[in-house]
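Shown next: coords18.txt, containing compact mmCIF, C-alpha atoms.
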```
# COMPACT_ATOMS: atom_id res chain seq x y z
CA MET Y 96 17.98 114.92 48.25
CA LYS Y 97 19.57 111.73 49.57
CA ARG Y 98 16.21 110.52 50.92
CA ILE Y 99 14.56 111.13 47.53
CA SER Y 100 17.31 109.18 45.77
CA VAL Y 101 16.91 106.22 48.11
CA ALA Y 102 13.10 106.27 47.63
CA CYS Y 103 13.64 106.47 43.89
CA ALA Y 104 16.02 103.51 43.93
CA LEU Y 105 13.57 101.43 45.98
CA LEU Y 106 10.72 102.29 43.63
CA TYR Y 107 12.89 101.37 40.65
CA VAL Y 108 13.74 97.98 42.16
CA ALA Y 109 10.04 97.39 43.00
CA ALA Y 110 9.00 98.29 39.45
CA ILE Y 111 11.55 95.86 37.98
CA ALA Y 112 10.46 93.09 40.37
CA VAL Y 113 6.75 93.52 39.54
CA SER Y 114 7.53 93.74 35.83
CA LEU Y 115 9.63 90.56 35.89
CA ARG Y 116 6.92 88.74 37.84
CA ALA Y 117 4.32 89.78 35.27
CA GLN Y 118 6.46 88.60 32.35
CA GLN Y 119 7.89 85.30 33.59
CA PRO Y 120 5.91 82.10 33.00
CA SER Y 121 4.73 80.59 36.27
CA SER Y 122 6.47 77.42 37.35
CA ASP Y 123 3.63 75.05 36.41
CA GLY Y 124 5.66 71.87 35.82
CA PRO Y 125 5.97 68.81 38.08
CA GLN Y 126 6.79 69.53 41.74
CA PHE Y 127 8.66 66.95 43.81
CA VAL Y 128 9.13 66.35 47.52
CA ASN Y 129 11.41 63.89 49.34
CA GLY Y 130 13.54 63.46 46.22
CA ASN Y 131 11.28 61.92 43.58
CA GLU Y 132 7.76 61.96 45.08
CA LEU Y 133 5.45 63.82 42.70
CA VAL Y 134 3.14 66.33 44.38
CA ARG Y 135 -0.51 65.97 43.28
CA PRO Y 136 -1.41 69.26 41.54
CA VAL Y 137 -4.61 70.74 42.96
CA ASN Y 138 -5.40 72.98 39.98
CA TYR Y 139 -4.91 70.54 37.08
CA ARG Y 140 -8.52 71.12 35.97
CA GLU Y 141 -7.49 74.63 34.91
CA TRP Y 142 -4.84 73.15 32.61
CA PRO Y 143 -5.44 72.44 28.92
CA CYS Y 144 -7.28 69.16 28.40
CA VAL Y 145 -5.60 67.53 25.39
CA GLY Y 146 -7.92 64.54 25.06
CA SER Y 147 -10.80 62.56 26.53
CA SER Y 148 -11.87 59.03 25.78
CA LEU Y 149 -14.39 56.42 26.85
CA GLY Y 150 -13.36 52.92 27.84
CA LEU Y 151 -9.93 52.85 26.15
CA SER Y 152 -8.33 49.59 27.21
CA TYR Y 153 -5.69 47.05 26.24
CA LEU Y 154 -7.19 44.25 28.35
CA GLN Y 155 -9.09 41.31 26.88
CA GLY Y 156 -12.85 41.51 27.53
CA ALA Y 157 -12.79 45.26 28.21
CA GLY Y 158 -15.37 45.90 25.50
CA THR Y 159 -18.11 44.20 27.51
CA GLN Y 160 -18.10 46.73 30.39
CA SER Y 161 -21.55 48.27 30.93
CA ALA Y 162 -20.10 51.50 32.36
CA PRO Y 163 -16.57 51.94 30.96
CA PRO Y 164 -14.36 54.62 32.55
CA PHE Y 165 -14.24 58.13 31.10
CA THR Y 166 -10.68 59.46 31.03
CA SER Y 167 -9.25 62.94 30.35
CA VAL Y 168 -5.65 64.09 30.09
CA PHE Y 169 -4.53 67.53 31.32
CA VAL Y 170 -1.10 69.05 30.61
CA ASN Y 171 0.71 71.86 32.47
CA PRO Y 172 0.11 75.04 30.40
CA SER Y 173 3.73 75.91 29.55
CA SER Y 174 4.40 72.39 28.19
CA TYR Y 175 1.15 72.47 26.20
CA ARG Y 176 2.22 75.75 24.56
CA ALA Y 177 5.70 74.35 23.92
CA PHE Y 178 4.15 71.32 22.17
CA LEU Y 179 2.08 73.61 19.93
CA GLN Y 180 5.36 75.27 18.86
CA SER Y 181 7.58 72.18 18.49
CA GLY Y 182 5.44 69.01 18.43
CA GLN Y 183 7.52 67.67 21.31
CA TRP Y 184 7.33 67.67 25.11
CA PRO Y 185 9.86 69.88 26.88
CA ASP Y 186 11.67 68.67 29.99
CA HIS Y 187 9.51 69.11 33.14
CA THR Y 188 6.23 68.13 31.47
CA ILE Y 189 3.40 66.63 33.53
CA LEU Y 190 0.38 64.91 31.99
CA VAL Y 191 -2.40 64.19 34.50
CA LEU Y 192 -4.82 61.35 33.70
CA GLU Y 193 -8.20 61.83 35.35
CA ILE Y 194 -10.34 58.67 35.51
CA ARG Y 195 -14.08 59.00 36.15
CA ARG Y 196 -16.98 56.59 36.14
CA SER Y 197 -19.44 57.01 33.29
CA ALA Y 198 -23.23 57.10 33.09
CA THR Y 199 -25.65 56.61 30.21
CA ALA Y 200 -27.89 59.58 29.46
CA ALA Y 201 -31.49 59.46 30.66
CA SER Y 202 -34.65 61.38 29.64
CA PRO Y 203 -35.01 63.93 28.08
CA LEU Y 204 -31.90 62.64 26.30
CA THR Y 205 -32.17 59.56 24.12
CA ALA Y 206 -28.53 58.45 23.94
CA GLY Y 207 -24.99 59.14 25.05
CA GLN Y 208 -22.46 58.65 27.82
CA TYR Y 209 -20.81 61.21 30.10
CA PRO Y 210 -18.37 61.25 33.05
CA THR Y 211 -19.52 61.16 36.67
CA GLU Y 212 -17.61 60.72 39.94
CA LEU Y 213 -13.84 60.65 40.21
CA GLY Y 214 -12.27 57.17 40.07
CA GLY Y 215 -8.54 57.94 40.16
CA LEU Y 216 -5.73 60.30 39.27
CA GLU Y 217 -2.42 59.31 37.69
CA ALA Y 218 0.44 61.16 36.02
CA HIS Y 219 3.15 60.75 33.40
CA VAL Y 220 6.17 63.01 33.83
CA LYS Y 221 9.08 63.88 31.58
CA ASP Y 222 12.10 64.84 33.68
CA SER Y 223 15.71 64.27 32.70
CA ARG Y 224 16.52 63.28 36.30
CA LEU Y 225 14.31 60.14 35.96
CA PRO Y 226 15.60 56.81 34.53
CA GLY Y 227 14.77 56.90 30.80
CA GLY Y 228 13.62 60.49 31.28
CA TRP Y 229 10.01 59.54 32.09
CA ALA Y 230 7.97 58.00 34.92
CA PHE Y 231 4.38 57.14 35.84
CA PHE Y 232 2.78 58.05 39.17
CA ASN Y 233 -0.49 57.05 40.87
CA TRP Y 234 -1.80 58.92 43.91
CA GLY Y 235 -3.94 55.97 44.98
CA PRO Y 236 -7.65 55.38 45.74
CA VAL Y 237 -9.91 58.44 45.67
CA ARG Y 238 -10.99 58.17 49.32
CA SER Y 239 -7.39 58.04 50.53
CA MET Y 240 -5.59 59.90 47.76
CA LYS Y 241 -2.04 60.81 48.68
CA ALA Y 242 -0.61 64.33 48.44
CA SER Y 243 2.54 62.93 46.80
CA ALA Y 244 3.52 59.62 45.20
CA ALA Y 245 6.76 57.81 44.32
CA PRO Y 246 7.32 56.69 40.70
CA ILE Y 247 5.71 53.41 39.64
CA PRO Y 248 8.53 50.86 39.08
CA GLN Y 249 9.80 50.76 35.49
CA ASP Y 250 8.98 47.04 35.20
CA ALA Y 251 5.36 47.39 36.39
CA SER Y 252 2.69 45.73 34.25
CA ILE Y 253 -1.08 45.27 34.48
CA GLN Y 254 -2.44 41.70 34.39
CA GLY Y 255 0.71 40.43 32.70
CA GLU Y 256 0.07 42.39 29.47
CA GLY Y 257 3.65 43.71 29.23
CA THR Y 258 5.08 46.73 31.03
CA CYS Y 259 3.52 50.20 30.95
CA VAL Y 260 6.85 51.59 29.76
CA ASP Y 261 7.25 49.11 26.87
CA CYS Y 262 3.71 49.77 25.62
CA HIS Y 263 4.18 53.56 25.71
CA VAL Y 264 7.61 53.33 24.04
CA THR Y 265 6.30 51.00 21.33
CA HIS Y 266 2.84 52.42 20.67
CA GLY Y 267 2.92 56.11 21.67
CA ALA Y 268 2.73 58.30 18.55
CA VAL Y 269 5.08 60.96 19.98
CA GLU Y 270 7.87 60.06 22.41
CA ARG Y 271 6.22 57.91 25.13
CA THR Y 272 2.79 59.52 24.88
CA PHE Y 273 -0.42 58.47 23.16
CA VAL Y 274 -0.77 61.69 21.16
CA GLN Y 275 -2.82 59.66 18.64
CA PHE Y 276 -5.74 60.16 21.08
CA TYR Y 277 -5.18 63.95 21.42
CA PRO Y 278 -6.55 65.15 18.07
CA GLN Y 279 -5.38 68.78 18.22
CA LEU Y 280 -1.84 67.75 19.22
CA MET Y 281 -1.74 64.93 16.64
CA ASP Y 282 -2.32 67.55 13.92
CA VAL Y 283 0.57 69.58 15.37
CA ALA Y 284 2.87 66.53 15.53
CA ARG Y 285 2.11 65.63 11.90
CA ALA Y 286 2.82 69.23 10.82
CA LYS Y 287 6.09 69.35 12.80
CA GLY Y 288 7.21 65.86 11.71
CA THR Y 289 7.53 64.56 15.27
CA VAL Y 290 5.34 61.45 14.89
CA LYS Y 291 7.55 58.40 15.51
CA ALA Y 292 8.91 56.64 12.43
CA GLY Y 293 6.86 53.50 11.89
CA PHE Y 294 3.76 54.81 13.64
CA ARG Y 295 0.70 54.13 11.53
CA MET J 70 16.21 118.11 42.23
CA LYS J 71 13.18 118.87 40.04
CA ARG J 72 14.38 116.40 37.39
CA ILE J 73 14.80 113.67 40.04
CA SER J 74 11.26 114.33 41.33
CA VAL J 75 9.80 114.06 37.83
CA ALA J 76 11.71 110.81 37.19
CA CYS J 77 10.52 109.51 40.53
CA ALA J 78 6.88 110.38 39.74
CA LEU J 79 7.12 108.68 36.33
CA LEU J 80 8.63 105.56 37.91
CA TYR J 81 5.87 105.56 40.52
CA VAL J 82 3.16 105.76 37.84
CA ALA J 83 4.88 103.02 35.84
CA ALA J 84 5.10 100.79 38.92
CA ILE J 85 1.37 101.26 39.62
CA ALA J 86 0.47 100.55 35.98
CA VAL J 87 2.53 97.35 35.86
CA SER J 88 1.17 96.25 39.25
CA LEU J 89 -2.45 96.83 38.19
CA ARG J 90 -1.87 94.96 34.94
CA ALA J 91 -0.43 92.01 36.85
CA GLN J 92 -3.41 91.91 39.23
CA GLN J 93 -6.36 92.47 36.90
CA PRO J 94 -8.01 89.44 35.28
CA SER J 95 -7.50 89.44 31.54
CA SER J 96 -10.57 90.17 29.44
CA ASP J 97 -11.28 86.57 28.42
CA GLY J 98 -15.06 86.81 28.06
CA PRO J 99 -17.14 86.93 24.85
CA GLN J 100 -16.01 89.47 22.25
CA PHE J 101 -18.51 90.96 19.83
CA VAL J 102 -18.26 92.77 16.49
CA ASN J 103 -20.96 94.54 14.46
CA GLY J 104 -23.20 94.75 17.53
CA ASN J 105 -24.02 91.18 18.52
CA GLU J 106 -21.82 88.96 16.33
CA LEU J 107 -19.75 86.71 18.56
CA VAL J 108 -16.07 86.46 17.62
CA ARG J 109 -14.81 82.86 17.43
CA PRO J 110 -12.11 82.56 20.13
CA VAL J 111 -8.89 81.10 18.73
CA ASN J 112 -7.44 79.98 22.06
CA TYR J 113 -10.44 78.19 23.59
CA ARG J 114 -8.45 74.96 23.86
CA GLU J 115 -6.35 76.63 26.56
CA TRP J 116 -9.54 77.26 28.60
CA PRO J 117 -10.77 74.87 31.31
CA CYS J 118 -12.67 71.93 29.82
CA VAL J 119 -15.65 71.40 32.13
CA GLY J 120 -17.01 68.26 30.49
CA SER J 121 -16.79 65.80 27.61
CA SER J 122 -19.34 63.31 26.41
CA LEU J 123 -19.90 60.75 23.70
CA GLY J 124 -23.05 60.74 21.57
CA LEU J 125 -25.28 62.80 23.90
CA SER J 126 -28.50 63.38 21.98
CA TYR J 127 -32.17 64.19 22.41
CA LEU J 128 -33.15 62.89 18.96
CA GLN J 129 -34.98 59.60 18.43
CA GLY J 130 -32.75 56.88 16.98
CA ALA J 131 -29.53 58.61 18.04
CA GLY J 132 -28.39 55.53 19.98
CA THR J 133 -27.88 53.53 16.79
CA GLN J 134 -25.05 55.71 15.39
CA SER J 135 -21.90 53.69 14.72
CA ALA J 136 -19.59 56.69 15.29
CA PRO J 137 -21.40 59.11 17.61
CA PRO J 138 -19.91 62.61 18.02
CA PHE J 139 -17.47 63.36 20.83
CA THR J 140 -18.21 66.74 22.42
CA SER J 141 -16.26 68.89 24.90
CA VAL J 142 -17.22 72.17 26.57
CA PHE J 143 -14.63 74.88 27.32
CA VAL J 144 -15.32 77.95 29.51
CA ASN J 145 -13.45 81.26 29.63
CA PRO J 146 -11.07 81.03 32.63
CA SER J 147 -12.41 83.94 34.71
CA SER J 148 -15.99 82.62 34.50
CA TYR J 149 -14.80 79.10 35.39
CA ARG J 150 -13.09 80.46 38.51
CA ALA J 151 -16.18 82.53 39.38
CA PHE J 152 -18.33 79.37 39.13
CA LEU J 153 -16.00 77.53 41.53
CA GLN J 154 -16.57 80.35 44.03
CA SER J 155 -20.32 80.89 43.58
CA GLY J 156 -21.86 77.95 41.68
CA GLN J 157 -23.26 80.42 39.15
CA TRP J 158 -22.16 81.92 35.87
CA PRO J 159 -21.16 85.59 35.95
CA ASP J 160 -22.27 88.01 33.24
CA HIS J 161 -19.98 87.77 30.17
CA THR J 162 -19.56 83.99 30.30
CA ILE J 163 -18.82 82.03 27.12
CA LEU J 164 -19.11 78.24 26.90
CA VAL J 165 -17.62 76.80 23.68
CA LEU J 166 -18.94 73.43 22.50
CA GLU J 167 -16.39 71.55 20.39
CA ILE J 168 -17.84 68.72 18.30
CA ARG J 169 -15.52 66.04 16.92
CA ARG J 170 -16.01 62.78 15.11
CA SER J 171 -15.17 59.65 17.10
CA ALA J 172 -13.24 56.48 16.31
CA THR J 173 -13.17 53.05 17.91
CA ALA J 174 -9.80 51.98 19.27
CA ALA J 175 -7.75 49.49 17.24
CA SER J 176 -4.84 47.17 18.12
CA PRO J 177 -2.99 47.11 20.49
CA LEU J 178 -6.09 48.44 22.27
CA THR J 179 -9.06 46.12 22.71
CA ALA J 180 -11.85 48.61 23.36
CA GLY J 181 -12.78 52.28 23.63
CA GLN J 182 -13.73 55.39 21.72
CA TYR J 183 -11.88 58.66 21.31
CA PRO J 184 -12.31 61.97 19.44
CA THR J 185 -10.83 62.59 15.99
CA GLU J 186 -11.31 65.43 13.48
CA LEU J 187 -13.21 68.61 14.22
CA GLY J 188 -16.89 68.59 13.24
CA GLY J 189 -18.14 71.95 14.47
CA LEU J 190 -17.86 74.75 17.00
CA GLU J 191 -20.77 76.40 18.81
CA ALA J 192 -21.14 78.69 21.81
CA HIS J 193 -23.55 79.61 24.58
CA VAL J 194 -23.12 83.10 26.00
CA LYS J 195 -24.47 84.83 29.09
CA ASP J 196 -24.64 88.57 28.50
CA SER J 197 -27.20 90.90 30.06
CA ARG J 198 -27.49 92.78 26.74
CA LEU J 199 -29.03 89.68 25.07
CA PRO J 200 -32.78 88.89 25.17
CA GLY J 201 -33.28 86.61 28.18
CA GLY J 202 -29.61 87.18 29.06
CA TRP J 203 -28.36 84.23 27.01
CA ALA J 204 -27.86 83.23 23.35
CA PHE J 205 -26.50 80.37 21.24
CA PHE J 206 -24.06 80.85 18.35
CA ASN J 207 -22.77 78.55 15.60
CA TRP J 208 -19.76 79.49 13.46
CA GLY J 209 -20.82 77.11 10.69
CA PRO J 210 -19.21 74.19 8.81
CA VAL J 211 -15.56 73.44 9.60
CA ARG J 212 -14.30 74.05 6.05
CA SER J 213 -15.90 77.49 5.92
CA MET J 214 -16.03 78.44 9.57
CA LYS J 215 -16.84 82.09 10.12
CA ALA J 216 -14.75 84.44 12.26
CA SER J 217 -17.93 85.79 13.88
CA ALA J 218 -21.57 84.67 14.06
CA ALA J 219 -24.92 86.29 14.87
CA PRO J 220 -27.07 84.74 17.64
CA ILE J 221 -29.23 81.76 16.68
CA PRO J 222 -32.90 82.90 16.79
CA GLN J 223 -34.56 82.33 20.17
CA ASP J 224 -37.27 80.17 18.57
CA ALA J 225 -34.85 77.85 16.73
CA SER J 226 -35.40 74.10 17.14
CA ILE J 227 -33.81 70.94 15.75
CA GLN J 228 -36.06 68.46 13.92
CA GLY J 229 -39.16 69.82 15.66
CA GLU J 230 -38.06 68.61 19.10
CA GLY J 231 -38.87 71.93 20.82
CA THR J 232 -36.66 75.00 20.98
CA CYS J 233 -33.03 74.96 22.15
CA VAL J 234 -33.90 77.69 24.67
CA ASP J 235 -36.89 75.84 26.17
CA CYS J 236 -34.90 72.64 26.60
CA HIS J 237 -32.01 74.43 28.31
CA VAL J 238 -34.38 76.43 30.55
CA THR J 239 -36.33 73.30 31.51
CA HIS J 240 -33.58 70.70 31.79
CA GLY J 241 -30.34 72.57 32.58
CA ALA J 242 -29.25 71.84 36.17
CA VAL J 243 -27.88 75.38 36.71
CA GLU J 244 -29.38 78.41 34.96
CA ARG J 245 -29.60 77.46 31.26
CA THR J 246 -26.62 75.13 31.27
CA PHE J 247 -26.30 71.34 31.45
CA VAL J 248 -24.02 71.36 34.49
CA GLN J 249 -25.30 67.83 35.23
CA PHE J 250 -22.78 66.68 32.58
CA TYR J 251 -19.85 68.70 34.09
CA PRO J 252 -19.05 66.53 37.13
CA GLN J 253 -16.62 68.88 38.91
CA LEU J 254 -19.00 71.85 38.52
CA MET J 255 -22.06 69.78 39.55
CA ASP J 256 -20.32 69.06 42.87
CA VAL J 257 -19.74 72.81 43.26
CA ALA J 258 -23.38 73.66 42.40
CA ARG J 259 -24.67 71.11 44.93
CA ALA J 260 -22.35 72.53 47.62
CA LYS J 261 -23.39 76.13 46.84
CA GLY J 262 -27.12 75.30 46.55
CA THR J 263 -27.41 76.64 42.99
CA VAL J 264 -28.95 73.54 41.37
CA LYS J 265 -32.40 74.51 40.10
CA ALA J 266 -35.35 73.65 42.32
CA GLY J 267 -37.05 70.58 40.88
CA PHE J 268 -33.93 69.26 39.12
CA ARG J 269 -33.48 65.58 39.85
```
When written as structure tokens, how does the structure in this file appear?
Amino acid sequence: MKRISVACALLYVAAIAVSLRAQQPSSDGPQFVNGNELVRPVNYREWPCVGSSLGLSYLQGAGTQSAPPFTSVFVNPSSYRAFLQSGQWPDHTILVLEIRRSATAASPLTAGQYPTELGGLEAHVKDSRLPGGWAFFNWGPVRSMKASAAPIPQDASIQGEGTCVDCHVTHGAVERTFVQFYPQLMDVARAKGTVKAGFR
Amino acid sequence: MKRISVACALLYVAAIAVSLRAQQPSSDGPQFVNGNELVRPVNYREWPCVGSSLGLSYLQGAGTQSAPPFTSVFVNPSSYRAFLQSGQWPDHTILVLEIRRSATAASPLTAGQYPTELGGLEAHVKDSRLPGGWAFFNWGPVRSMKASAAPIPQDASIQGEGTCVDCHVTHGAVERTFVQFYPQLMDVARAKGTVKAGFR
């Protein structure tokens, strides 16, 4: 009798544990090591891709590139679903920017451009522990890509065109992100009224 | 004693059921109604996006479009994972082609193109019940998009450029699919030796 009760109790605990595991969302947000080094997610290509673009640039002369980069942005699934509900990014959101080279279509095709080999991998993270609540990360060159990366300094800029942070704060349609280039999410943000005041 | 045994047996069955449910892949493949009408998946944007492209076309004069379409291909998650393992598509694979209009970046950006409003939604399905094992589907114009669609006839062609099927059979890098435009999967296909003989 006692043995049966113990077995029963163990089974009950096991059933609850399995049930909880099946119900809880997986922890798919940003993972850090050594304090604030962001771990490069290995499975980001299974995450929702919220937007792709060809040759988007804020640098003078960028329009003359013969093979502009093809970029895609992937978001951790739970934050993507939260955005669909609220039009805003929850804390612990990670957006991964994948940069690839591009090629022009050849025969039998007559036109078009598509992505080819990987050129780089960066991230934008929302985490209340970070200064301003957000930070950018870059895991470095493809051939020596790091497993984790420290935040890019808040005052970093590219070719003296102003800081990354200022541009995202000023021109991002929602919070610090360029949702204007993520058409499905832009529709959500308009419907939820979360597009920044003054954004045109 | 008998009551405890019955409760124990029920708990045991419940534990097995929950455990099986947690382990089994969800049924994310193509769903049909009325025989062979493909149901339009509502959550395809949560599926892995295997490739995007701008203005890919096989029609003469396509290169002169001022706003070429932006296309992205999404695959049901279990088939995507199977491809990563084998370099081939399992039976019951659905590839969704999302077609959007494109826009050219404006200030503060200096260059680039990105996708805007939805222009159409098509699919390519591998299912052993279909003639030849594959079929194309088109849910129709955006403003009157159907919830399900019958297969496009096997002899369909666009502007007399040969049939869709022939082109995919002849020019697809893997089976009937244009994996040559899905860079991550093309690397997998090369590693697994599943690129068609004769494909260059």
Starting from chain J, keep only residues with some atom at most 7 Å from an atom of chain Y, counting all atoms listed in the file, and report them as a PyMOL selection string. chain J and resi 77+80-81+84+87-88+91+114-118+121-129+131-132+174+177-186+250+252
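Note that atom CA of Gln228 of chain J and atom CA of Gly209 of chain J are 17.8 Å apart.
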What does the distance between atom CA of Val111 of chain J and atom CA of His219 of chain Y come to in Å, to one decimal place? 27.8 Å
To one decimal in Å, tell me the separation between atom CA of Val142 of chain J and atom CA of Leu166 of chain J.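 If I compute the distance from atom CA of Val142 of chain J to atom CA of Leu166 of chain J, I get 4.6 Å.
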Pick from Y:Arg295, Y:Arg285, Y:Lys241, Y:His187, whichever lies nearest to Val134 of chain Y using all atoms listed in the file: Y:Lys241
Residues near Lys287 of chain Y, anyone? I mean within 10 Å using only C-alpha atoms, not counting same-chain ones fewer than 6 positions away, as JSON, numbers by chain. {"Y": [178, 179, 180, 181, 182, 183, 281]}
